[in-house]
file structure_26.txt (compact mmCIF, C-alpha atoms)
# COMPACT_ATOMS: atom_id res chain seq x y z
CA MET A 253 -68.67 48.76 26.92
CA LYS A 254 -69.14 50.83 30.09
CA VAL A 255 -65.85 51.56 31.88
CA LEU A 256 -65.11 52.98 35.33
CA VAL A 257 -61.59 54.29 36.03
CA ILE A 258 -60.53 54.70 39.66
CA GLY A 259 -58.09 57.51 40.48
CA SER A 260 -57.46 61.21 40.09
CA GLY A 261 -54.01 61.74 38.60
CA ALA A 262 -52.45 62.42 35.21
CA ARG A 263 -52.15 58.66 34.68
CA GLU A 264 -55.91 58.30 35.05
CA HIS A 265 -56.49 61.30 32.79
CA ALA A 266 -54.29 59.65 30.14
CA LEU A 267 -56.23 56.39 30.53
CA CYS A 268 -59.59 58.19 30.30
CA ARG A 269 -58.47 60.18 27.27
CA SER A 270 -57.49 56.97 25.44
CA LEU A 271 -60.69 55.21 26.49
CA SER A 272 -62.81 58.18 25.40
CA LEU A 273 -61.40 57.80 21.88
CA ASP A 274 -62.24 54.07 21.78
CA PRO A 275 -65.40 53.45 19.69
CA ASP A 276 -66.23 50.39 21.81
CA VAL A 277 -66.60 52.50 24.96
CA THR A 278 -70.23 53.59 25.25
CA ALA A 279 -70.01 55.19 28.69
CA LEU A 280 -66.95 56.36 30.64
CA TYR A 281 -66.87 57.17 34.35
CA CYS A 282 -64.07 58.17 36.69
CA ALA A 283 -64.00 58.27 40.47
CA PRO A 284 -63.05 60.59 42.01
CA GLY A 285 -61.32 62.19 38.98
CA ASN A 286 -60.09 65.76 38.66
CA ALA A 287 -60.85 68.98 36.79
CA GLY A 288 -59.44 67.72 33.49
CA ILE A 289 -60.84 64.20 33.60
CA GLY A 290 -64.31 65.69 34.00
CA GLU A 291 -64.09 66.91 30.41
CA VAL A 292 -63.93 63.35 29.01
CA ALA A 293 -65.62 61.23 31.70
CA GLU A 294 -68.54 61.48 34.10
CA LEU A 295 -67.13 62.02 37.60
CA HIS A 296 -68.37 60.34 40.77
CA PRO A 297 -67.17 60.96 44.34
CA VAL A 298 -65.72 57.88 46.00
CA ASP A 299 -63.06 56.91 48.52
CA ALA A 300 -60.66 55.12 46.17
CA LEU A 301 -59.28 53.06 49.08
CA ASP A 302 -62.71 51.72 50.06
CA GLY A 303 -63.28 48.49 48.13
CA GLY A 304 -66.90 48.30 49.25
CA ALA A 305 -67.63 51.82 48.04
CA VAL A 306 -65.88 51.26 44.70
CA SER A 307 -67.65 47.96 44.03
CA ALA A 308 -71.00 49.50 45.02
CA LEU A 309 -70.43 52.36 42.59
CA ALA A 310 -69.47 49.93 39.82
CA THR A 311 -72.63 47.94 40.46
CA GLU A 312 -74.80 51.06 40.55
CA LEU A 313 -73.38 52.29 37.23
CA GLY A 314 -73.69 48.85 35.63
CA VAL A 315 -70.16 48.96 34.26
CA ASP A 316 -68.54 46.14 32.33
CA LEU A 317 -64.96 46.93 33.36
CA VAL A 318 -63.26 48.69 36.28
CA VAL A 319 -59.71 49.99 35.83
CA VAL A 320 -57.93 50.64 39.13
CA GLY A 321 -55.26 53.25 38.47
CA PRO A 322 -53.24 54.04 41.62
CA GLU A 323 -51.12 51.69 43.69
CA ALA A 324 -52.64 52.37 47.11
CA PRO A 325 -56.15 51.07 46.21
CA LEU A 326 -54.58 47.97 44.62
CA VAL A 327 -52.54 47.22 47.74
CA ALA A 328 -55.67 47.86 49.81
CA GLY A 329 -57.56 45.14 47.89
CA VAL A 330 -59.98 47.29 45.88
CA ALA A 331 -59.60 45.05 42.80
CA ASP A 332 -60.50 42.03 44.97
CA ALA A 333 -63.68 43.72 46.19
CA VAL A 334 -64.77 44.46 42.62
CA ARG A 335 -64.04 40.89 41.48
CA GLU A 336 -66.19 39.57 44.31
CA LYS A 337 -69.13 41.33 42.61
CA ASP A 338 -68.36 39.44 39.38
CA ILE A 339 -67.34 42.62 37.58
CA ALA A 340 -64.29 42.47 35.32
CA VAL A 341 -61.41 44.49 36.77
CA PHE A 342 -58.05 45.52 35.37
CA GLY A 343 -55.66 45.48 38.30
CA PRO A 344 -53.96 42.85 40.46
CA SER A 345 -55.19 41.41 43.72
CA ALA A 346 -53.87 42.76 47.01
CA GLN A 347 -51.59 39.74 47.34
CA ALA A 348 -50.12 40.20 43.86
CA ALA A 349 -49.87 43.99 44.32
CA ARG A 350 -47.38 43.35 47.11
CA LEU A 351 -44.90 43.30 44.24
CA GLU A 352 -45.09 47.10 44.55
CA GLY A 353 -46.37 47.34 48.12
CA SER A 354 -43.29 45.65 49.59
CA LYS A 355 -39.84 45.94 48.05
CA ALA A 356 -38.68 43.06 50.24
CA PHE A 357 -41.44 40.85 48.80
CA ALA A 358 -40.45 41.90 45.28
CA LYS A 359 -36.85 40.95 45.98
CA ASP A 360 -37.99 37.54 47.23
CA VAL A 361 -40.05 36.96 44.08
CA MET A 362 -37.16 38.01 41.85
CA ALA A 363 -34.76 35.69 43.67
CA ALA A 364 -37.13 32.75 43.25
CA ALA A 365 -37.73 33.57 39.58
CA GLY A 366 -34.07 34.14 38.73
CA VAL A 367 -34.75 37.75 37.70
CA PRO A 368 -31.60 39.91 37.53
CA THR A 369 -31.63 42.72 40.09
CA ALA A 370 -29.35 44.60 42.48
CA ARG A 371 -27.88 42.81 45.48
CA SER A 372 -29.66 44.00 48.61
CA TYR A 373 -30.27 43.72 52.33
CA VAL A 374 -33.58 44.13 54.17
CA CYS A 375 -32.95 46.17 57.33
CA THR A 376 -35.06 46.94 60.38
CA THR A 377 -32.47 48.32 62.84
CA PRO A 378 -29.83 51.09 62.66
CA ASP A 379 -27.07 48.51 63.08
CA GLU A 380 -28.36 46.50 60.12
CA VAL A 381 -28.57 49.68 58.04
CA ASP A 382 -24.99 50.67 58.90
CA ALA A 383 -23.70 47.20 58.01
CA ALA A 384 -25.52 47.26 54.65
CA LEU A 385 -24.34 50.78 53.79
CA ASP A 386 -20.78 49.77 54.64
CA ALA A 387 -21.06 46.62 52.51
CA PHE A 388 -22.10 48.46 49.34
CA GLY A 389 -20.43 51.84 49.76
CA ALA A 390 -21.38 55.03 47.92
CA PRO A 391 -23.54 55.93 46.09
CA TYR A 392 -25.95 54.72 48.76
CA VAL A 393 -29.38 53.43 47.71
CA VAL A 394 -32.01 53.26 50.47
CA LYS A 395 -35.63 52.34 49.71
CA ASP A 396 -38.62 52.49 52.01
CA ASP A 397 -40.08 48.97 51.96
CA GLY A 398 -43.65 50.24 51.65
CA LEU A 399 -45.57 52.60 49.37
CA ALA A 400 -44.21 56.13 49.26
CA ALA A 401 -45.86 57.71 46.19
CA GLY A 402 -42.66 57.39 44.15
CA LYS A 403 -40.62 59.35 46.72
CA GLY A 404 -39.43 56.63 49.09
CA VAL A 405 -36.03 56.16 47.46
CA VAL A 406 -32.87 58.06 48.36
CA VAL A 407 -29.74 57.79 46.20
CA THR A 408 -26.91 59.80 47.72
CA GLU A 409 -23.17 60.08 48.28
CA ASP A 410 -23.90 61.36 51.80
CA ILE A 411 -23.95 58.51 54.31
CA GLU A 412 -25.69 60.67 56.92
CA ALA A 413 -28.52 61.43 54.49
CA ALA A 414 -28.80 57.71 53.73
CA ARG A 415 -28.94 56.89 57.46
CA ALA A 416 -31.52 59.60 58.11
CA HIS A 417 -33.85 58.25 55.41
CA ALA A 418 -33.43 54.68 56.65
CA ASN A 419 -34.17 55.70 60.24
CA SER A 420 -37.37 57.46 59.14
CA CYS A 421 -38.77 54.17 57.78
CA GLU A 422 -39.90 51.07 59.65
CA ARG A 423 -38.18 48.73 57.22
CA VAL A 424 -35.87 49.53 54.33
CA VAL A 425 -34.10 47.80 51.49
CA VAL A 426 -30.47 48.88 51.11
CA GLU A 427 -29.01 47.83 47.78
CA GLU A 428 -26.07 48.25 45.48
CA TYR A 429 -26.08 51.17 43.09
CA LEU A 430 -26.87 50.25 39.48
CA ASP A 431 -25.01 52.19 36.81
CA GLY A 432 -26.32 52.99 33.33
CA PRO A 433 -29.48 54.57 31.91
CA GLU A 434 -32.91 53.72 33.30
CA VAL A 435 -35.83 52.41 31.25
CA SER A 436 -39.49 51.86 32.11
CA LEU A 437 -41.24 48.96 30.43
CA PHE A 438 -44.94 48.26 30.99
CA ALA A 439 -46.55 44.92 30.30
CA ILE A 440 -50.22 43.95 30.32
CA THR A 441 -50.83 40.46 31.66
CA ASP A 442 -53.74 38.19 32.52
CA GLY A 443 -51.58 36.14 34.89
CA ASP A 444 -50.33 33.85 32.14
CA THR A 445 -49.76 35.69 28.85
CA VAL A 446 -47.54 38.79 29.04
CA LEU A 447 -47.95 41.56 26.45
CA PRO A 448 -45.15 44.17 26.64
CA LEU A 449 -45.80 47.75 25.60
CA GLN A 450 -43.25 50.20 24.20
CA PRO A 451 -40.42 51.32 26.49
CA ALA A 452 -40.14 54.84 27.87
CA GLN A 453 -37.68 56.81 29.97
CA ASP A 454 -38.70 59.10 32.80
CA PHE A 455 -36.87 61.77 34.78
CA LYS A 456 -37.07 61.38 38.56
CA ARG A 457 -34.99 64.31 39.81
CA ALA A 458 -36.67 67.67 40.32
CA LEU A 459 -34.11 69.81 38.51
CA ASP A 460 -32.37 69.94 35.13
CA GLY A 461 -29.33 67.75 34.73
CA ASP A 462 -30.79 65.17 37.12
CA GLU A 463 -30.08 67.41 40.09
CA GLY A 464 -32.23 68.00 43.15
CA PRO A 465 -34.46 65.68 45.18
CA ASN A 466 -36.20 62.57 43.94
CA THR A 467 -39.79 63.03 42.75
CA GLY A 468 -42.64 60.98 41.37
CA GLY A 469 -41.43 61.92 37.87
CA MET A 470 -40.93 65.24 36.06
CA GLY A 471 -41.29 64.07 32.46
CA ALA A 472 -40.86 61.19 30.03
CA TYR A 473 -40.40 60.28 26.39
CA SER A 474 -40.91 57.37 24.00
CA PRO A 475 -39.54 55.68 21.92
CA LEU A 476 -35.89 55.34 23.01
CA PRO A 477 -33.73 55.80 19.91
CA TRP A 478 -30.62 54.71 21.79
CA ALA A 479 -32.02 51.42 23.12
CA ASP A 480 -31.12 48.00 21.73
CA PRO A 481 -33.91 46.85 19.37
CA LYS A 482 -33.86 43.51 21.22
CA LEU A 483 -34.43 45.11 24.63
CA VAL A 484 -38.16 44.41 24.89
CA ASP A 485 -37.76 40.75 23.91
CA GLU A 486 -34.90 40.35 26.39
CA VAL A 487 -36.87 41.89 29.25
CA LEU A 488 -39.93 39.78 28.42
CA GLU A 489 -37.82 36.62 28.54
CA THR A 490 -35.65 37.38 31.57
CA VAL A 491 -37.85 39.63 33.74
CA LEU A 492 -41.55 39.90 32.93
CA GLN A 493 -42.54 36.34 32.06
CA PRO A 494 -40.51 34.73 34.89
CA THR A 495 -42.06 37.13 37.42
CA VAL A 496 -45.62 36.45 36.25
CA ASP A 497 -44.91 32.70 36.22
CA GLU A 498 -43.52 32.83 39.78
CA LEU A 499 -46.52 34.71 41.13
CA ARG A 500 -48.86 32.23 39.48
CA ARG A 501 -46.83 29.35 40.98
CA ARG A 502 -47.31 30.89 44.42
CA GLY A 503 -51.08 30.93 43.97
CA THR A 504 -51.26 34.72 43.65
CA PRO A 505 -51.53 35.30 39.89
CA PHE A 506 -50.83 38.84 38.72
CA SER A 507 -53.47 40.24 36.36
CA GLY A 508 -53.17 43.85 35.29
CA LEU A 509 -50.27 46.16 34.50
CA LEU A 510 -46.79 45.02 35.48
CA TYR A 511 -44.27 47.87 35.38
CA ALA A 512 -40.56 47.06 35.36
CA GLY A 513 -38.16 49.86 36.23
CA LEU A 514 -34.86 48.79 34.67
CA ALA A 515 -31.22 49.83 34.66
CA ILE A 516 -29.20 49.03 31.55
CA THR A 517 -25.93 48.40 33.38
CA SER A 518 -22.46 47.48 32.21
CA ARG A 519 -23.34 43.92 33.30
CA GLY A 520 -26.68 43.80 31.51
CA VAL A 521 -30.32 44.57 32.34
CA ARG A 522 -31.17 44.75 36.05
CA VAL A 523 -34.55 45.40 37.72
CA ILE A 524 -34.60 48.49 39.93
CA GLU A 525 -38.20 48.05 41.03
CA PHE A 526 -41.61 46.71 40.09
CA ASN A 527 -44.86 48.64 40.13
CA ALA A 528 -48.31 47.09 39.95
CA ARG A 529 -49.94 49.77 37.79
CA PHE A 530 -49.38 52.21 34.95
CA GLY A 531 -46.58 54.61 35.84
CA ASP A 532 -46.84 58.38 35.81
CA PRO A 533 -45.50 60.17 33.70
CA GLU A 534 -44.57 57.28 31.36
CA THR A 535 -48.21 56.33 30.77
CA GLN A 536 -48.77 59.66 29.06
CA VAL A 537 -46.18 59.03 26.34
CA VAL A 538 -46.82 55.30 25.91
CA LEU A 539 -50.58 55.72 25.44
CA ALA A 540 -49.98 58.69 23.12
CA ARG A 541 -48.30 56.24 20.73
CA LEU A 542 -50.70 53.28 21.10
CA ARG A 543 -52.99 52.87 18.10
CA THR A 544 -54.82 49.70 19.16
CA PRO A 545 -58.06 50.65 20.99
CA LEU A 546 -57.34 50.40 24.71
CA ALA A 547 -60.59 49.06 26.19
CA GLY A 548 -60.43 45.71 24.41
CA VAL A 549 -56.86 45.15 25.55
CA LEU A 550 -57.68 45.88 29.19
CA MET A 551 -60.81 43.70 29.05
CA ALA A 552 -58.86 40.82 27.49
CA ALA A 553 -56.44 40.94 30.40
CA ALA A 554 -59.26 41.12 32.96
CA ALA A 555 -61.08 38.18 31.32
CA GLY A 556 -57.98 36.02 30.84
CA HIS A 557 -58.04 36.11 27.03
CA LEU A 558 -54.90 38.12 26.30
CA ALA A 559 -53.44 35.34 24.14
CA ASP A 560 -56.31 35.82 21.67
CA LEU A 561 -55.40 39.44 20.87
CA GLU A 562 -53.74 40.47 17.63
CA PRO A 563 -50.37 42.24 17.99
CA LEU A 564 -50.60 45.80 19.25
CA ARG A 565 -50.29 48.62 16.72
CA TRP A 566 -48.05 51.59 17.44
CA SER A 567 -47.54 55.02 15.92
CA GLU A 568 -44.12 55.76 14.44
CA GLU A 569 -44.29 59.20 16.05
CA SER A 570 -42.38 60.24 19.16
CA ALA A 571 -44.03 61.50 22.34
CA VAL A 572 -42.73 63.75 25.11
CA THR A 573 -44.44 64.76 28.35
CA VAL A 574 -43.36 67.58 30.66
CA VAL A 575 -44.68 67.81 34.21
CA VAL A 576 -45.65 71.20 35.63
CA ALA A 577 -45.28 71.07 39.42
CA SER A 578 -46.37 73.44 42.14
CA HIS A 579 -44.21 75.69 44.29
CA ASN A 580 -41.95 73.73 46.70
CA TYR A 581 -42.58 70.30 45.12
CA PRO A 582 -41.51 67.61 46.10
CA GLY A 583 -41.73 69.19 49.56
CA THR A 584 -45.08 70.30 50.95
CA PRO A 585 -46.68 71.88 47.88
CA ARG A 586 -48.54 75.15 47.81
CA THR A 587 -52.10 74.61 46.57
CA GLY A 588 -55.08 76.73 45.63
CA ASP A 589 -53.27 78.82 43.00
CA PRO A 590 -55.28 79.55 39.83
CA ILE A 591 -54.16 77.94 36.57
CA THR A 592 -54.65 79.84 33.33
CA GLY A 593 -53.68 79.28 29.72
CA LEU A 594 -55.33 75.88 29.40
CA ASP A 595 -57.78 77.17 26.80
CA GLU A 596 -54.88 78.60 24.80
CA VAL A 597 -53.23 75.18 24.64
CA ALA A 598 -56.50 73.59 23.50
CA ALA A 599 -57.02 76.26 20.86
CA GLN A 600 -53.49 76.60 19.50
CA ASP A 601 -51.63 73.33 20.13
CA ALA A 602 -54.18 70.53 19.74
CA PRO A 603 -54.16 67.83 18.54
CA HIS A 604 -50.37 67.54 18.66
CA ALA A 605 -50.11 68.75 22.27
CA TYR A 606 -52.58 68.54 25.13
CA VAL A 607 -52.78 68.93 28.90
CA LEU A 608 -53.39 66.05 31.29
CA HIS A 609 -54.47 67.06 34.79
CA ALA A 610 -53.07 65.61 38.02
CA GLY A 611 -53.32 67.82 41.12
CA THR A 612 -56.17 70.12 40.04
CA ARG A 613 -59.69 70.96 41.16
CA ARG A 614 -62.44 73.30 40.02
CA GLU A 615 -63.47 76.33 42.04
CA GLY A 616 -66.43 77.80 40.22
CA ASP A 617 -65.27 78.54 36.70
CA ALA A 618 -61.59 78.44 37.68
CA VAL A 619 -59.13 75.56 37.78
CA VAL A 620 -56.71 75.69 40.72
CA SER A 621 -53.75 73.64 41.88
CA ALA A 622 -54.49 70.84 44.35
CA GLY A 623 -51.26 68.86 44.62
CA GLY A 624 -47.55 68.63 43.94
CA ARG A 625 -47.52 67.55 40.32
CA VAL A 626 -50.27 69.71 38.91
CA LEU A 627 -50.34 69.02 35.17
CA SER A 628 -48.44 67.23 32.47
CA VAL A 629 -48.23 68.46 28.90
CA THR A 630 -47.92 65.67 26.33
CA ALA A 631 -46.99 66.24 22.71
CA THR A 632 -46.30 64.06 19.68
CA GLY A 633 -44.18 64.70 16.62
CA LYS A 634 -42.31 63.10 13.75
CA ASP A 635 -39.27 62.82 16.06
CA LEU A 636 -38.28 63.72 19.61
CA THR A 637 -37.12 67.19 18.59
CA GLN A 638 -40.51 68.13 17.15
CA ALA A 639 -42.36 66.52 20.08
CA ARG A 640 -40.17 68.45 22.56
CA ASP A 641 -40.73 71.72 20.74
CA ARG A 642 -44.48 71.21 20.76
CA ALA A 643 -44.55 70.20 24.44
CA TYR A 644 -42.52 73.17 25.64
CA ARG A 645 -44.46 75.60 23.45
CA ALA A 646 -47.63 74.42 25.17
CA VAL A 647 -46.00 74.59 28.62
CA SER A 648 -45.09 78.22 27.95
CA ARG A 649 -48.78 79.11 27.62
CA ILE A 650 -49.67 77.78 31.09
CA ARG A 651 -49.56 80.24 33.97
CA LEU A 652 -49.38 79.04 37.58
CA ASP A 653 -47.72 81.17 40.24
CA GLY A 654 -44.53 79.53 41.54
CA ALA A 655 -44.77 76.64 39.05
CA GLN A 656 -41.65 74.68 38.15
CA HIS A 657 -40.74 72.28 35.37
CA ARG A 658 -37.61 70.76 33.91
CA THR A 659 -36.38 72.17 30.61
CA ASP A 660 -34.27 69.18 29.56
CA ILE A 661 -36.82 66.38 29.16
CA ALA A 662 -35.67 64.15 26.24
CA ALA A 663 -33.07 66.77 25.23
CA GLU A 664 -30.10 64.41 25.17
CA ALA A 665 -32.02 61.65 23.37
CA ALA A 666 -33.28 64.12 20.76
CA GLN A 667 -29.78 65.42 20.16
CA ASP A 668 -28.33 61.93 19.78
CA ALA A 669 -31.17 60.53 17.63

call {"tool": "encode", "arguments": {"input": "structure_26.txt", "output": "structure tokens"}}
result
Amino acid sequence: MKVLVIGSGAREHALCRSLSLDPDVTALYCAPGNAGIGEVAELHPVDALDGGAVSALATELGVDLVVVGPEAPLVAGVADAVREKDIAVFGPSAQAARLEGSKAFAKDVMAAAGVPTARSYVCTTPDEVDAALDAFGAPYVVKDDGLAAGKGVVVTEDIEAARAHANSCERVVVEEYLDGPEVSLFAITDGDTVLPLQPAQDFKRALDGDEGPNTGGMGAYSPLPWADPKLVDEVLETVLQPTVDELRRRGTPFSGLLYAGLAITSRGVRVIEFNARFGDPETQVVLARLRTPLAGVLMAAAAGHLADLEPLRWSEESAVTVVVASHNYPGTPRTGDPITGLDEVAAQDAPHAYVLHAGTRREGDAVVSAGGRVLSVTATGKDLTQARDRAYRAVSRIRLDGAQHRTDIAAEAAQDA
């Protein structure tokens, strides 16, 4: 099977790494990719938002399957353009990807499907925002209705900060604050059958102790030793399957990766948000534990044969990923700084720990930073404590001027396990 992965982040590196280990994959390409992905896949330049360019590349390479990684190309209809060329594609249509592209649309789908979520108001004027903020009170939750690379949400006790974020967006969703721990649960679906993966927890705030600004994610771990063993079955029954059924009923079936961001509240499970693709950094830890070869699962979803698959096989090991970010992230990041120590990780920590590239590029023989979240280090172990130790040992070998990372990823879960 020849596979083309679209994207250039750590999520795509994790996907390419898993696909490169799959004996059924005979050729692996990535476009546009990054410095790390180039070690496991053949890179090709492409505008990931240009459906015509992506489908032309897929045709030229003669691939059997295209995996569209990021949300923006999905919302832009890249998966549709590939399907029009009769090439199998893992990723929802532009209409179905509105589940992530518009939070107001997602709320409408959840209401129709009876999916439990936070009460909310869609606001387009300052007066509407003020009324919604007053109705819910602090902590205030304000979400940009559109795509914002994981940074369009403000949760704050400061009403002026909430107003400022709302006024910077064309349309926002203001909703009640959901208490309790957060969980990410991915599911692969062909638009009918829904196949949940293992849950993970990520860390959105930039600083230890969940302090600082919201980010695209600073780390993650799986499994969740504190979670109810029935959680996945409950979410499948009350969230994932009803959502997929509702989208199919509307004539916009969702085929690809459905990501449910959940809060385990005092009143039960509630959906915080949906994404239409693998999430970063949770993908890194979930795929680290998946033992079933990935390509066949993605192809089954693309071809509509997910119900024919045998149950997925999972490692009993734990996985932890720690994101290494550039100076000033999540503000305007400093780029172009050299990254060293990557060879040391490969030589001394593999196979239990490895580096997945996100915002990197090659300059001659050097690898330099090229974005906010630069790398993620993923490690596995017999339990979370061992996985954490291995991840942070590998992080300590990496040198990037001004780099930052959290030191408490999975610490509480490991202590309580």

call {"tool": "closest_atom_pairs", "arguments": {"input": "structure_26.txt", "of": "range 338-374 of chain A", "to": "range 423-434 of chain A", "cutoff": "9 Å", "atoms": "only C-alpha atoms", "output": "Markdown table"}}
result
| residue | atom | partner | partner_atom | distance |
| --- | --- | --- | --- | --- |
| A:Lys355 | CA | A:Val425 | CA | 6.9 |
| A:Ala356 | CA | A:Val425 | CA | 6.7 |
| A:Thr369 | CA | A:Leu430 | CA | 8.9 |
| A:Ala370 | CA | A:Glu428 | CA | 5.8 |
| A:Arg371 | CA | A:Glu427 | CA | 5.6 |
| A:Ser372 | CA | A:Glu427 | CA | 4.0 |
| A:Tyr373 | CA | A:Val426 | CA | 5.3 |
| A:Val374 | CA | A:Val425 | CA | 4.6 |

call {"tool": "closest_residue", "arguments": {"input": "structure_26.txt", "among": "A:Ala639, A:Tyr281, A:Gly259, A:Pro368", "to": "Leu326 in chain A", "atoms": "only C-alpha atoms"}}
result
A:Gly259

call {"tool": "closest_atom_pairs", "arguments": {"input": "structure_26.txt", "of": "range 517-607 of chain A", "to": "range 302-323 of chain A", "cutoff": "7 Å", "atoms": "all atoms listed in the file", "output": "JSON lines"}}
result
{"residue": "A:Ala528", "atom": "CA", "partner": "A:Glu323", "partner_atom": "CA", "distance": 6.6}
{"residue": "A:Arg529", "atom": "CA", "partner": "A:Glu323", "partner_atom": "CA", "distance": 6.3}
{"residue": "A:Phe530", "atom": "CA", "partner": "A:Gly321", "partner_atom": "CA", "distance": 6.9}
{"residue": "A:Met551", "atom": "CA", "partner": "A:Leu317", "partner_atom": "CA", "distance": 6.8}

call {"tool": "closest_residue", "arguments": {"input": "structure_26.txt", "among": "A:Glu569, A:Leu449, A:Val277, A:Val406", "to": "Asn466 in chain A", "atoms": "all atoms listed in the file"}}
result
A:Val406

call {"tool": "closest_atom_pairs", "arguments": {"input": "structure_26.txt", "of": "range 395-447 of chain A", "to": "range 508-514 of chain A", "cutoff": "6 Å", "atoms": "only C-alpha atoms", "output": "CSV"}}
result
residue,atom,partner,partner_atom,distance
A:Glu434,CA,A:Leu514,CA,5.5
A:Val435,CA,A:Leu514,CA,5.1
A:Ser436,CA,A:Gly513,CA,4.8
A:Leu437,CA,A:Ala512,CA,5.3
A:Phe438,CA,A:Tyr511,CA,4.5
A:Ala439,CA,A:Leu510,CA,5.2
A:Ile440,CA,A:Leu509,CA,4.7
A:Thr441,CA,A:Gly508,CA,5.5

call {"tool": "closest_residue", "arguments": {"input": "structure_26.txt", "among": "A:Arg642, A:Lys359, A:Arg415, A:His579", "to": "Ile524 in chain A", "atoms": "all atoms listed in the file"}}
result
A:Lys359

call {"tool": "residues_around", "arguments": {"input": "structure_26.txt", "residues": "Arg543 in chain A", "least_positions_apart": "4", "cutoff": "7 Å", "atoms": "all atoms listed in the file", "output": "list in words"}}
result
Arg565, Trp566 and Ser567 of chain A

call {"tool": "residues_around", "arguments": {"input": "structure_26.txt", "residues": "Pro533 in chain A", "least_positions_apart": "2", "cutoff": "8 Å", "atoms": "all atoms listed in the file", "output": "compact mmCIF listing (two decimals) with C-alpha atoms, keeping the file's coordinate frame"}}
result
# COMPACT_ATOMS: atom_id res chain seq x y z
CA ALA A 262 -52.45 62.42 35.21
CA ARG A 263 -52.15 58.66 34.68
CA ASP A 454 -38.70 59.10 32.80
CA GLY A 469 -41.43 61.92 37.87
CA MET A 470 -40.93 65.24 36.06
CA GLY A 471 -41.29 64.07 32.46
CA ALA A 472 -40.86 61.19 30.03
CA GLY A 531 -46.58 54.61 35.84
CA THR A 535 -48.21 56.33 30.77
CA GLN A 536 -48.77 59.66 29.06
CA VAL A 537 -46.18 59.03 26.34
CA THR A 573 -44.44 64.76 28.35
CA VAL A 575 -44.68 67.81 34.21
CA SER A 628 -48.44 67.23 32.47

call {"tool": "closest_residue", "arguments": {"input": "structure_26.txt", "among": "A:Pro344, A:Gly290, A:Pro505, A:Gly616", "to": "Ala324 in chain A", "atoms": "only C-alpha atoms"}}
result
A:Pro344

call {"tool": "atom_distance", "arguments": {"input": "structure_26.txt", "atom1": "CA of Val619 in chain A", "atom2": "CA of Leu652 in chain A"}}
result
10.4 Å

call {"tool": "residues_around", "arguments": {"input": "structure_26.txt", "residues": "Ala458 in chain A", "least_positions_apart": "4", "cutoff": "12 Å", "atoms": "all atoms listed in the file", "output": "ChimeraX atom specification"}}
result
/A:403,454,462-471,574-583,624-625,656-661

call {"tool": "residues_near_point", "arguments": {"input": "structure_26.txt", "point": "(-54.2, 64.5, 16.2)", "cutoff": "12 Å", "atoms": "all atoms listed in the file", "output": "PyMOL selection string"}}
result
chain A and resi 273+540-541+543+567+569+598+601-606+630-633

call {"tool": "closest_residue", "arguments": {"input": "structure_26.txt", "among": "A:Asp480, A:Glu291, A:Glu489, A:Glu525", "to": "Met362 in chain A", "atoms": "only C-alpha atoms"}}
result
A:Glu525

call {"tool": "atom_distance", "arguments": {"input": "structure_26.txt", "atom1": "CA of Gln638 in chain A", "atom2": "CA of Gly461 in chain A"}}
result
20.8 Å

call {"tool": "residues_near_point", "arguments": {"input": "structure_26.txt", "point": "(-32.6, 63.4, 23.8)", "cutoff": "9 Å", "atoms": "all atoms listed in the file", "output": "short mmCIF file (atom, residue, chain, number, x, y, z; two decimals) with C-alpha atoms, keeping the file's coordinate frame"}}
result
data_model
loop_
_atom_site.label_atom_id
_atom_site.label_comp_id
_atom_site.auth_asym_id
_atom_site.auth_seq_id
_atom_site.Cartn_x
_atom_site.Cartn_y
_atom_site.Cartn_z
CA TYR A 473 -40.40 60.28 26.39
CA LEU A 476 -35.89 55.34 23.01
CA PRO A 477 -33.73 55.80 19.91
CA LEU A 636 -38.28 63.72 19.61
CA THR A 637 -37.12 67.19 18.59
CA ASP A 660 -34.27 69.18 29.56
CA ILE A 661 -36.82 66.38 29.16
CA ALA A 662 -35.67 64.15 26.24
CA ALA A 663 -33.07 66.77 25.23
CA GLU A 664 -30.10 64.41 25.17
CA ALA A 665 -32.02 61.65 23.37
CA ALA A 666 -33.28 64.12 20.76
CA GLN A 667 -29.78 65.42 20.16
CA ASP A 668 -28.33 61.93 19.78
CA ALA A 669 -31.17 60.53 17.63
#

call {"tool": "closest_residue", "arguments": {"input": "structure_26.txt", "among": "A:Leu256, A:Ala646, A:Ala552, A:Val330", "to": "Leu295 in chain A", "atoms": "all atoms listed in the file"}}
result
A:Leu256
